[in-house]
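Q: Next comes the structure file query-v3.cif, holding mmCIF, C-alpha atoms and all ligand atoms.
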data_my_file
#
loop_
_atom_site.label_atom_id
_atom_site.label_comp_id
_atom_site.auth_asym_id
_atom_site.auth_seq_id
_atom_site.Cartn_x
_atom_site.Cartn_y
_atom_site.Cartn_z
CA MET Y 1 143.78 56.37 210.40
CA ASP Y 2 143.76 52.60 210.77
CA PHE Y 3 141.00 50.03 210.90
CA ALA Y 4 139.19 49.76 214.20
CA PRO Y 5 136.62 47.13 215.13
CA ILE Y 6 133.42 48.64 216.44
CA VAL Y 7 131.77 45.34 217.06
CA HIS Y 8 133.11 41.90 216.30
CA ARG Y 9 131.55 38.56 217.01
CA GLY Y 10 134.66 36.53 216.27
CA GLY Y 11 133.40 35.21 212.95
CA GLU Y 12 130.77 33.00 214.54
CA ASN Y 13 127.49 32.63 212.69
CA THR Y 14 125.49 33.72 215.69
CA PRO Y 15 122.50 36.03 215.70
CA PRO Y 16 122.25 38.85 218.28
CA ALA Y 17 121.74 37.31 221.71
CA THR Y 18 118.17 37.73 222.85
CA ALA Y 19 116.41 35.95 225.68
CA ALA Y 20 113.27 34.17 224.50
CA GLY Y 21 110.47 36.70 224.23
CA SER Y 22 112.67 39.71 225.05
CA VAL Y 23 113.64 42.63 222.83
CA ALA Y 24 117.31 42.85 221.75
CA SER Y 25 119.15 45.49 223.74
CA MET Y 26 120.09 48.79 222.08
CA ARG Y 27 123.82 49.45 222.20
CA ARG Y 28 126.07 52.33 221.22
CA LEU Y 29 128.98 50.83 219.27
CA VAL Y 30 132.31 52.36 220.25
CA THR Y 31 135.58 52.32 218.33
CA THR Y 32 138.26 50.54 220.34
CA ASP Y 33 141.59 49.03 219.33
CA GLU Y 34 143.18 49.18 215.90
CA LEU Y 35 143.59 46.15 213.64
CA THR Y 36 146.88 44.85 212.29
CA ASP Y 37 147.03 43.46 208.73
CA GLU Y 38 146.84 39.97 210.24
CA ASP Y 39 143.75 40.95 212.30
CA LEU Y 40 142.08 42.32 209.16
CA LEU Y 41 142.71 39.13 207.20
CA GLY Y 42 141.39 37.11 210.15
CA ALA Y 43 138.26 39.28 210.31
CA TYR Y 44 137.33 38.19 206.78
CA GLU Y 45 138.94 34.77 206.40
CA THR Y 46 137.68 33.30 209.67
CA HIS Y 47 134.16 32.06 209.08
CA ASP Y 48 132.37 28.77 208.70
CA ARG Y 49 131.55 28.98 204.99
CA THR Y 50 130.31 25.43 204.60
CA PRO Y 51 129.01 25.13 201.03
CA HIS Y 52 125.44 24.00 200.32
CA PRO Y 53 124.93 20.44 199.01
CA ASP Y 54 124.31 21.81 195.50
CA ARG Y 55 126.15 25.12 195.35
CA PRO Y 56 129.00 27.18 196.84
CA TRP Y 57 128.67 29.57 199.77
CA VAL Y 58 127.97 32.97 198.18
CA LEU Y 59 129.56 36.11 199.61
CA MET Y 60 128.45 39.41 198.05
CA ASN Y 61 130.81 42.41 198.31
CA MET Y 62 129.66 45.93 197.42
CA VAL Y 63 130.37 49.58 198.25
CA ALA Y 64 127.57 52.13 198.60
CA SER Y 65 127.34 55.80 199.53
CA LEU Y 66 125.48 56.85 202.69
CA ASP Y 67 122.42 57.49 200.50
CA GLY Y 68 122.63 54.09 198.83
CA ALA Y 69 124.31 54.87 195.49
CA THR Y 70 126.53 52.16 194.00
CA ALA Y 71 128.06 54.21 191.19
CA VAL Y 72 129.00 57.81 190.43
CA GLU Y 73 129.25 58.71 186.74
CA GLY Y 74 129.01 55.04 185.81
CA THR Y 75 131.62 53.44 188.07
CA SER Y 76 132.10 52.68 191.75
CA GLY Y 77 135.60 54.22 191.88
CA ALA Y 78 134.52 57.50 193.50
CA LEU Y 79 132.96 55.60 196.41
CA GLY Y 80 135.99 53.52 197.30
CA GLY Y 81 138.62 55.12 199.54
CA ALA Y 82 141.81 53.53 200.86
CA GLY Y 83 139.90 51.42 203.38
CA ASP Y 84 137.54 50.03 200.77
CA ARG Y 85 140.40 49.19 198.43
CA ARG Y 86 142.11 47.33 201.28
CA VAL Y 87 138.98 45.43 202.28
CA PHE Y 88 138.26 44.65 198.58
CA GLY Y 89 141.71 43.01 198.38
CA VAL Y 90 141.31 41.15 201.67
CA VAL Y 91 137.87 39.81 200.71
CA ARG Y 92 139.36 38.54 197.44
CA THR Y 93 141.73 36.29 199.43
CA VAL Y 94 138.69 34.25 200.55
CA PRO Y 95 136.89 32.75 197.50
CA ASP Y 96 137.61 29.99 195.02
CA VAL Y 97 135.77 31.91 192.29
CA ILE Y 98 134.69 35.53 191.71
CA VAL Y 99 131.31 35.85 189.98
CA VAL Y 100 130.63 39.11 188.14
CA ALA Y 101 128.12 40.31 185.56
CA ALA Y 102 129.26 41.38 182.11
CA GLY Y 103 127.87 44.89 182.67
CA THR Y 104 130.29 45.42 185.53
CA VAL Y 105 133.17 43.87 183.57
CA ARG Y 106 132.56 46.44 180.81
CA ALA Y 107 131.85 49.43 183.13
CA GLU Y 108 134.83 48.82 185.41
CA ASP Y 109 137.20 47.43 182.72
CA TYR Y 110 137.82 44.31 184.80
CA GLY Y 111 141.24 42.71 184.74
CA PRO Y 112 142.31 39.28 185.99
CA PRO Y 113 142.35 38.91 189.80
CA ARG Y 114 145.71 39.78 191.36
CA LEU Y 115 146.87 39.08 194.92
CA GLY Y 116 150.15 39.73 196.72
CA PRO Y 117 152.65 36.95 197.48
CA ALA Y 118 151.54 36.61 201.14
CA ALA Y 119 147.86 36.25 200.18
CA MET Y 120 148.71 33.70 197.48
CA ALA Y 121 150.79 31.73 200.00
CA ARG Y 122 147.91 31.71 202.49
CA ARG Y 123 145.55 30.44 199.84
CA THR Y 124 147.94 27.74 198.67
CA ALA Y 125 148.41 26.59 202.30
CA ARG Y 126 144.62 26.26 202.56
CA GLY Y 127 144.53 24.11 199.43
CA GLN Y 128 143.14 26.86 197.17
CA SER Y 129 144.52 28.08 193.84
CA PRO Y 130 146.92 31.07 194.28
CA VAL Y 131 144.27 33.44 192.87
CA PRO Y 132 140.51 32.92 192.51
CA GLN Y 133 139.12 32.21 189.04
CA LEU Y 134 136.72 34.75 187.50
CA ALA Y 135 133.29 33.68 186.25
CA VAL Y 136 131.49 36.23 184.05
CA ILE Y 137 127.73 36.05 183.50
CA THR Y 138 126.43 37.24 180.13
CA ARG Y 139 123.55 36.77 177.71
CA SER Y 140 125.13 38.62 174.79
CA ALA Y 141 128.68 37.23 175.15
CA ALA Y 142 129.64 40.79 174.08
CA ILE Y 143 133.03 40.82 175.76
CA ASP Y 144 136.12 41.68 173.73
CA PRO Y 145 138.43 38.61 173.69
CA GLY Y 146 141.33 41.09 173.51
CA SER Y 147 140.32 42.91 176.71
CA ARG Y 148 142.30 43.15 179.95
CA LEU Y 149 140.05 40.47 181.48
CA PHE Y 150 142.03 37.77 179.67
CA GLY Y 151 145.50 39.04 180.61
CA ASP Y 152 148.11 37.42 182.90
CA GLY Y 153 147.32 34.03 181.35
CA HIS Y 154 144.11 33.99 183.39
CA ARG Y 155 141.39 31.88 181.76
CA PRO Y 156 138.02 32.89 183.20
CA ILE Y 157 134.78 30.98 182.95
CA VAL Y 158 132.13 32.66 180.79
CA ILE Y 159 128.67 31.52 181.84
CA THR Y 160 126.08 32.17 179.18
CA THR Y 161 122.82 30.80 177.82
CA GLU Y 162 122.03 27.95 175.41
CA ASP Y 163 120.83 30.55 172.87
CA ALA Y 164 123.69 33.07 173.17
CA PRO Y 165 125.05 34.46 169.85
CA THR Y 166 127.18 31.72 168.30
CA ASP Y 167 129.92 33.90 166.80
CA ALA Y 168 130.51 35.86 169.99
CA VAL Y 169 130.67 32.67 172.07
CA SER Y 170 133.10 31.06 169.59
CA ALA Y 171 135.39 34.08 169.83
CA LEU Y 172 135.38 33.88 173.63
CA ALA Y 173 136.05 30.13 173.61
CA THR Y 174 139.65 30.88 172.57
CA VAL Y 175 140.33 32.74 175.82
CA ALA Y 176 137.76 31.39 178.31
CA ASP Y 177 136.00 28.21 179.42
CA ILE Y 178 132.42 28.43 178.15
CA GLU Y 179 129.60 27.10 180.31
CA ARG Y 180 125.90 27.32 179.51
CA ALA Y 181 123.00 27.35 181.96
CA GLY Y 182 119.48 28.26 180.92
CA VAL Y 183 117.74 29.71 177.88
CA GLY Y 184 117.17 33.47 177.59
CA ASP Y 185 118.69 34.14 181.03
CA VAL Y 186 121.48 32.33 182.80
CA ASP Y 187 119.79 30.13 185.41
CA LEU Y 188 121.79 31.22 188.45
CA GLY Y 189 120.99 28.13 190.54
CA ALA Y 190 122.24 25.88 187.72
CA ALA Y 191 125.28 28.13 187.23
CA MET Y 192 126.17 27.88 190.92
CA ALA Y 193 125.73 24.09 190.81
CA MET Y 194 128.13 23.98 187.85
CA LEU Y 195 130.71 26.02 189.82
CA ALA Y 196 130.37 23.57 192.74
CA ARG Y 197 130.99 20.65 190.35
CA ARG Y 198 134.16 22.43 189.27
CA GLY Y 199 135.27 22.33 192.93
CA HIS Y 200 134.48 25.97 193.75
CA LEU Y 201 133.16 25.92 197.32
CA VAL Y 202 133.13 29.66 198.07
CA ALA Y 203 131.97 32.21 195.47
CA LEU Y 204 132.51 35.96 195.80
CA LEU Y 205 129.76 37.91 194.01
CA GLU Y 206 131.03 41.34 192.95
CA GLY Y 207 127.87 42.62 191.25
CA GLY Y 208 126.60 44.58 189.61
CA PRO Y 209 123.28 45.47 191.16
CA SER Y 210 121.10 43.78 188.53
CA LEU Y 211 122.92 40.46 188.99
CA ASN Y 212 122.88 40.88 192.79
CA GLY Y 213 119.11 41.40 192.67
CA GLN Y 214 118.62 38.05 190.94
CA PHE Y 215 120.84 36.31 193.50
CA VAL Y 216 118.78 37.86 196.32
CA ALA Y 217 115.45 36.98 194.66
CA ASP Y 218 116.66 33.39 194.16
CA GLY Y 219 117.78 33.12 197.83
CA LEU Y 220 121.39 32.49 196.79
CA VAL Y 221 123.20 34.97 199.09
CA ASP Y 222 124.88 33.73 202.29
CA GLU Y 223 127.00 36.70 203.31
CA LEU Y 224 127.28 40.41 202.56
CA CYS Y 225 130.36 42.59 202.94
CA LEU Y 226 129.08 46.14 202.54
CA SER Y 227 131.40 49.15 202.56
CA VAL Y 228 129.56 52.35 203.45
CA ALA Y 229 131.36 55.35 201.92
CA PRO Y 230 131.03 58.52 204.04
CA VAL Y 231 129.49 60.61 201.28
CA LEU Y 232 126.06 61.68 200.01
CA VAL Y 233 125.84 61.75 196.21
CA ALA Y 234 122.13 61.63 195.26
CA GLY Y 235 121.67 60.73 191.57
CA ALA Y 236 119.87 57.81 189.97
CA SER Y 237 122.38 55.04 190.59
CA LYS Y 238 121.12 51.53 191.30
CA ARG Y 239 120.89 50.12 194.81
CA VAL Y 240 123.13 47.24 195.96
CA ALA Y 241 120.50 44.78 194.68
CA GLU Y 242 118.07 45.85 191.92
CA GLY Y 243 115.22 44.13 190.16
CA PRO Y 244 112.05 42.29 191.06
CA ALA Y 245 111.43 42.04 194.79
CA ALA Y 246 112.31 38.80 196.55
CA ALA Y 247 109.28 36.75 197.61
CA GLU Y 248 110.78 36.66 201.10
CA GLY Y 249 113.37 38.97 202.67
CA LEU Y 250 116.69 37.33 203.38
CA GLY Y 251 117.63 37.95 207.03
CA LEU Y 252 121.33 38.10 207.86
CA ALA Y 253 123.10 38.45 211.23
CA LEU Y 254 125.75 41.10 211.94
CA VAL Y 255 129.26 39.61 212.16
CA HIS Y 256 131.37 42.76 212.45
CA VAL Y 257 131.57 46.50 211.90
CA LEU Y 258 134.94 48.06 211.13
CA GLU Y 259 135.75 51.73 210.59
CA HIS Y 260 138.44 53.53 208.58
CA ASP Y 261 138.45 57.28 207.87
CA ASP Y 262 134.69 57.49 208.57
CA ALA Y 263 133.85 54.65 206.16
CA LEU Y 264 132.14 51.62 207.70
CA PHE Y 265 132.80 48.02 206.72
CA LEU Y 266 129.84 45.82 207.60
CA ARG Y 267 129.86 42.05 207.43
CA TYR Y 268 126.59 40.16 207.70
CA ALA Y 269 126.08 36.40 207.28
CA ARG Y 270 123.32 33.87 207.10
CA VAL Y 271 122.78 32.07 210.38
CA THR Y 272 123.79 28.45 209.84
CA GLY Y 273 123.30 25.28 211.86
N1 LIG Y 301 129.31 49.81 194.19
C1 LIG Y 301 129.78 48.62 193.87
O1 LIG Y 301 130.33 47.90 194.73
C2 LIG Y 301 129.61 48.11 192.46
C3 LIG Y 301 129.95 46.79 192.16
C4 LIG Y 301 129.74 46.34 190.85
C5 LIG Y 301 129.25 47.20 189.89
N2 LIG Y 301 128.94 48.47 190.23
C6 LIG Y 301 128.40 49.38 189.21
O2 LIG Y 301 127.17 48.85 188.77
C7 LIG Y 301 126.96 49.18 187.40
C8 LIG Y 301 126.71 47.92 186.61
O3 LIG Y 301 125.65 47.21 187.22
P1 LIG Y 301 124.32 46.86 186.41
O4 LIG Y 301 123.34 46.40 187.42
O5 LIG Y 301 123.97 48.00 185.51
O6 LIG Y 301 124.78 45.69 185.46
P2 LIG Y 301 125.47 44.31 185.84
O7 LIG Y 301 124.62 43.54 186.80
O8 LIG Y 301 126.89 44.52 186.20
O9 LIG Y 301 125.48 43.62 184.40
C9 LIG Y 301 124.29 43.35 183.72
C10 LIG Y 301 124.64 42.42 182.61
O10 LIG Y 301 125.05 41.16 183.15
C11 LIG Y 301 124.56 40.10 182.37
N3 LIG Y 301 123.52 39.40 183.12
C12 LIG Y 301 122.96 39.76 184.31
N4 LIG Y 301 122.10 38.80 184.71
C13 LIG Y 301 122.11 37.85 183.76
C14 LIG Y 301 121.45 36.60 183.60
N5 LIG Y 301 120.59 36.12 184.51
N6 LIG Y 301 121.70 35.87 182.49
C15 LIG Y 301 122.60 36.30 181.58
N7 LIG Y 301 123.28 37.47 181.67
C16 LIG Y 301 123.02 38.22 182.76
C17 LIG Y 301 124.00 40.75 181.11
O11 LIG Y 301 125.16 40.91 180.29
P3 LIG Y 301 125.13 41.06 178.70
O12 LIG Y 301 124.67 42.48 178.48
O13 LIG Y 301 126.54 40.83 178.27
O14 LIG Y 301 124.18 40.05 178.16
C18 LIG Y 301 123.52 42.09 181.65
O15 LIG Y 301 123.36 43.06 180.65
C19 LIG Y 301 128.21 49.90 186.96
O16 LIG Y 301 127.97 51.29 187.05
C20 LIG Y 301 129.24 49.49 187.98
O17 LIG Y 301 130.23 50.46 188.12
C21 LIG Y 301 129.10 48.94 191.49
#
Taking this structure as input, can you express it in the form of structure tokens?
Ligand SMILES: NC(=O)c1ccc[n+]([C@@H]2O[C@H](COP(=O)([O-])OP(=O)(O)OC[C@H]3O[C@@H](n4cnc5c(N)ncnc54)[C@H](OP(=O)(O)O)[C@@H]3O)[C@@H](O)[C@H]2O)c1
A:
Amino acid sequence: MDFAPIVHRGGENTPPATAAGSVASMRRLVTTDELTDEDLLGAYETHDRTPHPDRPWVLMNMVASLDGATAVEGTSGALGGAGDRRVFGVVRTVPDVIVVAAGTVRAEDYGPPRLGPAAMARRTARGQSPVPQLAVITRSAAIDPGSRLFGDGHRPIVITTEDAPTDAVSALATVADIERAGVGDVDLGAAMAMLARRGHLVALLEGGPSLNGQFVADGLVDELCLSVAPVLVAGASKRVAEGPAAAEGLGLALVHVLEHDDALFLRYARVTG
């Protein structure tokens, strides 16, 4: 079964249309036509992702089960079907940099980002690097310099703290660019500002939940791509964003809903302008 748009607002950052003082209408969303590969790329690439004056636009991408789990037996693999894998790849064509927490790098055995020739050509035509750079957030710097992450000649950024363990940071400096922001915890606002200074205008945040929670609490999320896997798993897995509650909820407007083999692919974005 192919991708079908259930609702699509053409990538505009527009909230649901409501007349002043009225209640938004209730609609049943109906599957219609199927999307080509080109349509699917357009559904994710076409958006006004104007960066903030001091930081990149931040797009968070996660998969969750119907009952909100983000991992089964320690990884997200069991939640991601063919549709999610395809959307994961398409979303990765968008950013300049992929931000990920060290816990997820270790749990999912992260490798360097890889894209197909067509995606790399599209990025190059837009003035981007052929593949996005990875930026890993860690306090401990406990990442094996010999791990897959540093393959393919990819040199990620490791963002750590001023007081991170010296020996571990020195070992990583041979295979990564080291950046420091904050003491005790990486200051995410300062880290995002550093990425902007490096010319990264769009950041894709790939988790995990504890890092996502800090981004939400700090008001640093502009867009969410959420894959909803058609499965109930129960268990004690974390939610998409975990940690202390945000002082204010972050409202996002629905951009599109796609469907593939009963999985839903939701895209929400901050209303701009
Ligand atoms: N469903 C999905 O789409 C999805 C996506 C991603 C991950 N996951 C799953 O989520 C789980 C991992 O998530 P998690 O929430 O347990 O951990 P996580 O957020 O991936 O990683 C936590 C680690 O990140 C580093 N970190 C986070 N915030 C930091 C800060 N402000 N300053 C410095 N370092 C910081 C620390 O690394 P150090 O320990 O190195 O100091 C911390 O221990 C795995 O099971 C993974 O499979 C699911």
Q: All residues within 6 Å of ligand LIG 301 (chain Y) are required, counting only C-alpha atoms and all ligand atoms; please report them as a list in words.
A: Met62, Val63, Ala64, Thr70, Ala71, Gly74, Thr75, Ser76, Ala101, Ala102, Gly103, Thr104, Ala107, Glu108, Ile137, Thr138, Arg139, Ser140, Ala141, Ala142, Thr160, Asp185, Val186, Glu206, Gly207, Gly208, Pro209, Ser210 and Leu211 of chain Y
Q: The selected residues should be written to file as an mmCIF file, in the frame of the given file (atoms: C-alpha atoms).
A:
data_model
loop_
_atom_site.group_PDB
_atom_site.id
_atom_site.type_symbol
_atom_site.label_atom_id
_atom_site.label_comp_id
_atom_site.auth_asym_id
_atom_site.auth_seq_id
_atom_site.Cartn_x
_atom_site.Cartn_y
_atom_site.Cartn_z
ATOM 1 C CA MET Y 62 129.660 45.930 197.420
ATOM 2 C CA VAL Y 63 130.370 49.580 198.250
ATOM 3 C CA ALA Y 64 127.570 52.130 198.600
ATOM 4 C CA THR Y 70 126.530 52.160 194.000
ATOM 5 C CA ALA Y 71 128.060 54.210 191.190
ATOM 6 C CA GLY Y 74 129.010 55.040 185.810
ATOM 7 C CA THR Y 75 131.620 53.440 188.070
ATOM 8 C CA SER Y 76 132.100 52.680 191.750
ATOM 9 C CA ALA Y 101 128.120 40.310 185.560
ATOM 10 C CA ALA Y 102 129.260 41.380 182.110
ATOM 11 C CA GLY Y 103 127.870 44.890 182.670
ATOM 12 C CA THR Y 104 130.290 45.420 185.530
ATOM 13 C CA ALA Y 107 131.850 49.430 183.130
ATOM 14 C CA GLU Y 108 134.830 48.820 185.410
ATOM 15 C CA ILE Y 137 127.730 36.050 183.500
ATOM 16 C CA THR Y 138 126.430 37.240 180.130
ATOM 17 C CA ARG Y 139 123.550 36.770 177.710
ATOM 18 C CA SER Y 140 125.130 38.620 174.790
ATOM 19 C CA ALA Y 141 128.680 37.230 175.150
ATOM 20 C CA ALA Y 142 129.640 40.790 174.080
ATOM 21 C CA THR Y 160 126.080 32.170 179.180
ATOM 22 C CA ASP Y 185 118.690 34.140 181.030
ATOM 23 C CA VAL Y 186 121.480 32.330 182.800
ATOM 24 C CA GLU Y 206 131.030 41.340 192.950
ATOM 25 C CA GLY Y 207 127.870 42.620 191.250
ATOM 26 C CA GLY Y 208 126.600 44.580 189.610
ATOM 27 C CA PRO Y 209 123.280 45.470 191.160
ATOM 28 C CA SER Y 210 121.100 43.780 188.530
ATOM 29 C CA LEU Y 211 122.920 40.460 188.990
#
Q: Set the distance at 10 Å and use all atoms listed in the file: which residues neighbour range 147-153 of chain Y once local chain neighbours fewer than 2 positions away are removed? I'd like the list as a PyMOL selection string.
A: chain Y and resi 105-106+109-114+134+136+143-145+155-156+172+175-176
Q: I need the chosen residues saved as a PDB file, in the frame of the given file, with C-alpha atoms.
A:
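selection03.pdb, written as the output of this step:
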ATOM      1  CA  VAL Y 105     133.170  43.870 183.570  1.00  0.00           C
ATOM      2  CA  ARG Y 106     132.560  46.440 180.810  1.00  0.00           C
ATOM      3  CA  ASP Y 109     137.200  47.430 182.720  1.00  0.00           C
ATOM      4  CA  TYR Y 110     137.820  44.310 184.800  1.00  0.00           C
ATOM      5  CA  GLY Y 111     141.240  42.710 184.740  1.00  0.00           C
ATOM      6  CA  PRO Y 112     142.310  39.280 185.990  1.00  0.00           C
ATOM      7  CA  PRO Y 113     142.350  38.910 189.800  1.00  0.00           C
ATOM      8  CA  ARG Y 114     145.710  39.780 191.360  1.00  0.00           C
ATOM      9  CA  LEU Y 134     136.720  34.750 187.500  1.00  0.00           C
ATOM     10  CA  VAL Y 136     131.490  36.230 184.050  1.00  0.00           C
ATOM     11  CA  ILE Y 143     133.030  40.820 175.760  1.00  0.00           C
ATOM     12  CA  ASP Y 144     136.120  41.680 173.730  1.00  0.00           C
ATOM     13  CA  PRO Y 145     138.430  38.610 173.690  1.00  0.00           C
ATOM     14  CA  ARG Y 155     141.390  31.880 181.760  1.00  0.00           C
ATOM     15  CA  PRO Y 156     138.020  32.890 183.200  1.00  0.00           C
ATOM     16  CA  LEU Y 172     135.380  33.880 173.630  1.00  0.00           C
ATOM     17  CA  VAL Y 175     140.330  32.740 175.820  1.00  0.00           C
ATOM     18  CA  ALA Y 176     137.760  31.390 178.310  1.00  0.00           C
TER      19      ALA Y 176
END
Q: At a cut-off of 7 Å, using only C-alpha atoms, what residues contact Ser65 in chain Y? Leave out same-chain residues fewer than 2 positions from it and give the result as a VMD selection string.
A: chain Y and resid 67 to 70 79 228 to 233
Q: Taking only C-alpha atoms into account, name the residue in Y:Gly146, Y:Gly127, Y:Pro95, Y:Gly42 that is nearest to Thr174 in chain Y.
A: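 Smallest separation from Thr174 in chain Y among the options: Y:Gly146.
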Q: Nearest to Leu205 in chain Y: which of Y:Leu266, Y:Ala4, Y:Ile98, Y:Ala78 is it, counting all atoms listed in the file?
A: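 Between Y:Leu266, Y:Ala4, Y:Ile98, Y:Ala78, the residue approaching Leu205 in chain Y most closely is Y:Ile98.
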Q: Please report the interatomic distance between CA of Ile159 in chain Y and CA of Ala135 in chain Y in Å with one decimal.
A: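 Taking CA of Ile159 in chain Y as the start and CA of Ala135 in chain Y as the end point, the length is 6.7 Å.
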Q: Need the shell around Leu35 in chain Y: protein/DNA/RNA residues with any atom at most 7 Å away, counting only C-alpha atoms. Skip same-chain ones fewer than 4 positions apart. Format as a PyMOL selection string?
A: chain Y and resi 3-4+39-40
Q: Measuring between all atoms listed in the file, which one of Y:Asp222, Y:Glu248, Y:Asp163, Y:Glu259 shows the shortest distance to Asp48 in chain Y?
A: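 Using all atoms listed in the file, Asp48 in chain Y sits closest to Y:Asp222.
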